[in-house]
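Coordinates from my_file-v2.tsv are shown below (TSV, C-alpha atoms).
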```tsv
chain	number	residue	atom	x	y	z
M	1	MET	CA	16.72	-5.69	-8.97
M	2	ASN	CA	15.06	-8.76	-7.56
M	3	SER	CA	12.50	-10.49	-9.78
M	4	THR	CA	9.82	-10.19	-7.08
M	5	GLN	CA	9.70	-6.44	-7.67
M	6	THR	CA	8.43	-6.97	-11.21
M	7	VAL	CA	5.72	-9.44	-10.17
M	8	GLY	CA	2.33	-8.14	-11.22
M	9	ALA	CA	-0.91	-8.80	-9.42
M	10	SER	CA	-2.95	-11.88	-10.19
M	11	LEU	CA	-6.71	-12.08	-10.36
M	12	ALA	CA	-6.72	-14.22	-7.21
M	13	GLY	CA	-4.39	-11.82	-5.37
M	14	CYS	CA	-6.65	-8.89	-6.25
M	15	ALA	CA	-9.67	-10.84	-5.04
M	16	ALA	CA	-7.92	-11.47	-1.71
M	17	ALA	CA	-6.94	-7.79	-1.38
M	18	LEU	CA	-10.48	-6.67	-2.18
M	19	ALA	CA	-11.85	-9.13	0.38
M	20	VAL	CA	-9.59	-7.59	3.05
M	21	LEU	CA	-10.76	-4.10	2.13
M	22	PHE	CA	-14.40	-5.24	2.11
M	23	VAL	CA	-14.11	-6.72	5.61
M	24	THR	CA	-12.34	-3.58	6.85
M	25	LEU	CA	-14.92	-1.22	5.38
M	26	ARG	CA	-17.83	-3.37	6.49
M	27	SER	CA	-16.64	-3.38	10.10
M	28	TRP	CA	-16.19	0.40	9.88
M	29	TRP	CA	-19.65	0.83	8.33
M	30	THR	CA	-21.39	-1.26	10.98
M	31	GLY	CA	-19.29	0.14	13.81
M	32	GLY	CA	-20.39	3.76	13.87
M	33	ARG	CA	-18.69	5.18	10.76
M	34	ALA	CA	-16.34	7.50	12.61
M	35	MET	CA	-13.83	8.96	10.16
M	36	LYS	CA	-11.05	8.60	12.73
M	37	ASP	CA	-11.50	4.82	12.53
M	38	LEU	CA	-10.40	4.93	8.88
M	39	VAL	CA	-7.07	6.63	9.57
M	40	LEU	CA	-5.05	3.48	10.28
M	41	PRO	CA	-6.44	1.39	7.38
M	42	VAL	CA	-6.02	4.24	4.88
M	43	GLN	CA	-2.52	5.00	6.19
M	44	ALA	CA	-1.55	1.35	5.81
M	45	PHE	CA	-3.09	1.06	2.31
M	46	LEU	CA	-1.27	4.18	1.06
M	47	THR	CA	1.98	3.00	2.63
M	48	GLY	CA	1.57	-0.29	0.77
M	49	GLY	CA	0.94	1.64	-2.41
M	50	LEU	CA	4.05	3.74	-1.89
M	51	ALA	CA	6.07	0.56	-1.37
M	52	THR	CA	5.30	-0.38	-4.98
M	53	VAL	CA	7.12	2.76	-6.14
M	54	CYS	CA	10.28	1.80	-4.24
M	55	VAL	CA	11.76	-0.25	-7.08
M	56	GLY	CA	15.23	-1.41	-6.11
M	57	GLY	CA	14.61	-0.95	-2.39
M	58	LEU	CA	13.31	-2.96	0.52
M	59	GLY	CA	9.76	-1.58	0.12
M	60	GLY	CA	9.58	-2.70	-3.50
M	61	TRP	CA	10.98	-6.11	-2.65
M	62	LEU	CA	8.43	-6.60	0.15
M	63	ALA	CA	5.62	-5.48	-2.16
M	64	GLY	CA	6.73	-8.00	-4.80
M	65	CYS	CA	6.99	-10.80	-2.24
M	66	THR	CA	3.53	-9.92	-0.93
M	67	ARG	CA	1.99	-10.00	-4.41
M	68	GLN	CA	3.70	-13.30	-5.17
M	69	GLY	CA	2.79	-14.97	-1.86
M	70	VAL	CA	-0.79	-13.75	-1.60
M	71	GLY	CA	-1.45	-14.40	-5.29
M	72	GLY	CA	-0.18	-17.97	-5.02
M	73	ALA	CA	-2.08	-18.74	-1.83
M	74	ALA	CA	-5.30	-17.15	-3.08
M	75	SER	CA	-5.03	-18.96	-6.41
M	76	THR	CA	-4.60	-22.28	-4.63
M	77	ALA	CA	-7.57	-21.57	-2.36
M	78	ILE	CA	-9.81	-20.54	-5.25
M	79	THR	CA	-8.78	-23.54	-7.36
M	80	ALA	CA	-9.34	-25.91	-4.43
M	81	THR	CA	-12.73	-24.36	-3.70
M	82	THR	CA	-14.14	-23.92	-7.19
M	83	GLY	CA	-12.00	-26.07	-9.48
M	84	THR	CA	-11.23	-23.06	-11.71
M	85	GLU	CA	-7.95	-21.28	-12.22
M	86	ALA	CA	-7.65	-17.76	-10.84
M	87	GLY	CA	-3.95	-17.02	-11.20
M	88	ALA	CA	-4.28	-15.00	-14.41
M	89	PRO	CA	-2.33	-11.74	-14.35
M	90	ILE	CA	-4.09	-8.38	-14.19
M	91	ALA	CA	-3.01	-5.46	-16.39
M	92	THR	CA	-0.28	-3.63	-14.50
M	93	ALA	CA	0.87	-0.05	-14.29
M	94	SER	CA	3.17	1.95	-12.06
M	95	LEU	CA	2.24	4.78	-9.77
M	96	GLY	CA	5.33	6.61	-10.99
M	97	ARG	CA	8.85	7.37	-9.89
M	98	LEU	CA	10.31	8.96	-6.80
M	99	THR	CA	12.81	11.76	-6.72
M	100	GLU	CA	15.53	11.88	-4.09
M	101	GLU	CA	13.39	14.20	-1.97
M	102	GLY	CA	10.33	12.02	-2.51
M	103	GLY	CA	12.30	9.02	-1.24
M	104	ILE	CA	12.92	10.86	2.03
M	105	VAL	CA	9.19	11.53	2.42
M	106	VAL	CA	8.39	7.86	1.74
M	107	VAL	CA	10.84	6.78	4.45
M	108	LEU	CA	9.09	9.17	6.86
M	109	VAL	CA	5.69	7.77	5.83
M	110	PHE	CA	6.99	4.22	6.42
M	111	LEU	CA	8.28	5.28	9.84
M	112	ALA	CA	4.93	6.88	10.74
M	113	CYS	CA	3.11	3.70	9.70
M	114	LEU	CA	5.51	1.57	11.75
M	115	LEU	CA	5.00	3.77	14.83
M	116	SER	CA	1.21	3.66	14.32
M	117	TYR	CA	1.40	-0.12	14.10
M	118	LYS	CA	3.38	-0.38	17.33
M	119	ALA	CA	0.86	1.80	19.16
M	120	ALA	CA	-2.22	0.05	17.71
M	121	SER	CA	-4.37	-2.55	19.44
M	122	LYS	CA	-4.12	-6.18	18.39
M	123	GLY	CA	-7.21	-5.94	16.17
M	124	ASP	CA	-5.99	-2.73	14.54
M	125	LYS	CA	-2.60	-4.34	13.88
M	126	GLY	CA	-4.28	-7.08	11.88
M	127	THR	CA	-6.32	-4.53	9.96
M	128	MET	CA	-3.20	-2.49	9.22
M	129	LEU	CA	-1.28	-5.52	7.94
M	130	GLY	CA	-4.19	-6.54	5.73
M	131	CYS	CA	-4.58	-3.03	4.30
M	132	LEU	CA	-0.81	-2.72	3.81
M	133	ALA	CA	-0.83	-5.95	1.78
M	134	ALA	CA	-3.91	-4.77	-0.14
M	135	GLY	CA	-2.09	-1.58	-1.08
M	136	MET	CA	0.95	-3.55	-2.21
M	137	ILE	CA	-1.25	-5.74	-4.39
M	138	LEU	CA	-3.84	-3.35	-5.81
M	139	CYS	CA	-1.58	-0.36	-6.47
M	140	VAL	CA	0.21	-2.18	-9.31
M	141	THR	CA	-3.04	-2.77	-11.19
M	142	ALA	CA	-3.73	-0.39	-14.05
M	143	GLY	CA	-7.02	0.82	-12.56
M	144	VAL	CA	-5.80	1.64	-9.06
M	145	ALA	CA	-2.47	3.04	-10.30
M	146	GLY	CA	-4.41	5.28	-12.66
M	147	ALA	CA	-6.72	6.43	-9.87
M	148	LEU	CA	-3.77	7.26	-7.59
M	149	ASP	CA	-1.69	8.75	-10.40
M	150	GLY	CA	-0.98	11.99	-8.55
M	151	LEU	CA	0.30	10.37	-5.34
M	152	PRO	CA	4.01	10.12	-6.27
M	153	GLY	CA	3.94	13.68	-7.61
M	154	LEU	CA	2.46	14.88	-4.33
M	155	ILE	CA	5.13	12.98	-2.38
M	156	ASN	CA	7.91	14.36	-4.62
M	157	GLU	CA	6.57	17.91	-4.25
M	158	ALA	CA	6.39	17.55	-0.46
M	159	GLY	CA	10.00	16.41	-0.43
M	160	ALA	CA	11.05	19.29	-2.66
M	161	ALA	CA	9.25	21.74	-0.39
M	162	GLY	CA	11.01	20.25	2.63
M	163	ARG	CA	14.36	20.55	0.90
M	164	SER	CA	13.63	24.16	-0.06
M	165	MET	CA	12.68	24.91	3.53
M	166	LEU	CA	15.95	23.38	4.77
M	167	GLU	CA	17.89	25.37	2.20
M	168	ARG	CA	15.87	28.52	3.00
M	169	GLN	CA	14.53	28.88	-0.55
M	170	LEU	CA	10.92	29.47	0.34
```

Go through the file and emit its structure as C-alpha cells.
Amino acid sequence: MNSTQTVGASLAGCAAALAVLFVTLRSWWTGGRAMKDLVLPVQAFLTGGLATVCVGGLGGWLAGCTRQGVGGAASTAITATTGTEAGAPIATASLGRLTEEGGIVVVLVFLACLLSYKAASKGDKGTMLGCLAAGMILCVTAGVAGALDGLPGLINEAGAAGRSMLERQL
C-alpha cells in the first residue's frame, strides 16, 4: 500500500474542498436551481468519496495524492496570505470496506463518471474535477465519513444483488 493512501485531510485541504463546493452550489443557486444541474457535481463528489474506500487500488492512490497535493498547496496559499499555519490534520475516519461485489459496482460508478466527464461541457468538466477532488478530501474526515456511513453498505448490497441476479438467486 502506498503511503499516499493513508494521508488524512488537512485543515487547509478541507477549506479548499469546501470552497469548491461553495462556488459550485452558489452558481447552481443563482442559476435557476434546477435539480438536473446538480447531477454531475453530486456524481463526481460521490465518486471521489468512493475512491477513498479503494484502499490498495488506483482510486485510493489518486485520492491520497489529491489530499496530499491540495492540502500542501492550500496550506502554502493560506500561510502566504495570512501568515498562519493551516496544515493541521483533521480527525479522520473511513467510509468502510468494499466486498468483491461492491468493488465491481465502484468500477461501474467510476466508468459512469468518466463517460459523464467526456460528454460534459468545458465548464462542467471543471466543476466535476473540483467536486471529485472535494469528495476525495472531505470523505476521509470523521464528520463526512460519519454522514455517509451507509454508502459502502449500499454499494456492497447493490453488488450482491447483481451477483444474485446473475446467479439466478433472486

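Of the residues under consideration (M:Ala142, M:Ala19, M:Leu114, M:Ala160), M:Ala160 shows the shortest atom-to-atom contact distance to Leu98 (chain M) when counting all atoms listed in the file.
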
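Using all atoms listed in the file, the smallest distance between any of M:Ala158, M:Ala88, M:Ala74, M:Ala147 and Leu18 (chain M) comes from M:Ala74.
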
Which residue gives the smallest distance to Ala63 (chain M) among M:Val107, M:Leu25, M:Leu132, M:Val144, with all atoms listed in the file counted?
-> M:Leu132

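For the set M:Thr76, M:Thr127, M:Ser164, M:Thr141, the residue with the smallest atom-to-atom gap to Val23 (chain M) is M:Thr127, counting all atoms listed in the file.
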
Min atom-atom distance to Ser94 (chain M) from the set M:Leu151, M:Ala17, M:Leu62, M:Val109, counting only C-alpha atoms, belongs to M:Leu151

Surrounding residues of Gly69 (chain M) excluding itself and chain neighbours under 5 positions, 12 Å, all atoms listed in the file, as number ranges by chain = M: 4, 7-10, 12-13, 16, 62-64, 74-76, 87, 133, 136-137

Skip Val42 (chain M) itself and residues of its chain fewer than 5 positions away, then list as a PyMOL selection string all residues within 9 Å of it, counting all atoms listed in the file.
-> chain M and resi 47+128+131-132

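With distances restricted to all atoms listed in the file, M:Cys113 is the closest residue to Lys125 (chain M) from M:Cys113, M:Leu21, M:Val105, M:Leu166.
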
What lies within 7 Å of Gly48 (chain M) using all atoms listed in the file, ignoring chain neighbours under 2 positions off, as a PyMOL selection string?
-> chain M and resi 44-46+50-52+132-133+135-136

Students should find that CA of Ala112 (chain M) and CA of Gln43 (chain M) are spaced 8.9 Å

Axis-aligned box over every listed atom of region 87-98 of chain M, padded by 6 Å per side: centre and edges in Å to one decimal, as JSON?
```
{"center_x": 3.0, "center_y": -4.0, "center_z": -11.6, "size_x": 26.6, "size_y": 38.0, "size_z": 21.6}
```

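Of note, CA of Cys54 (chain M) and CA of Arg97 (chain M) are spaced 8.1 Å apart.
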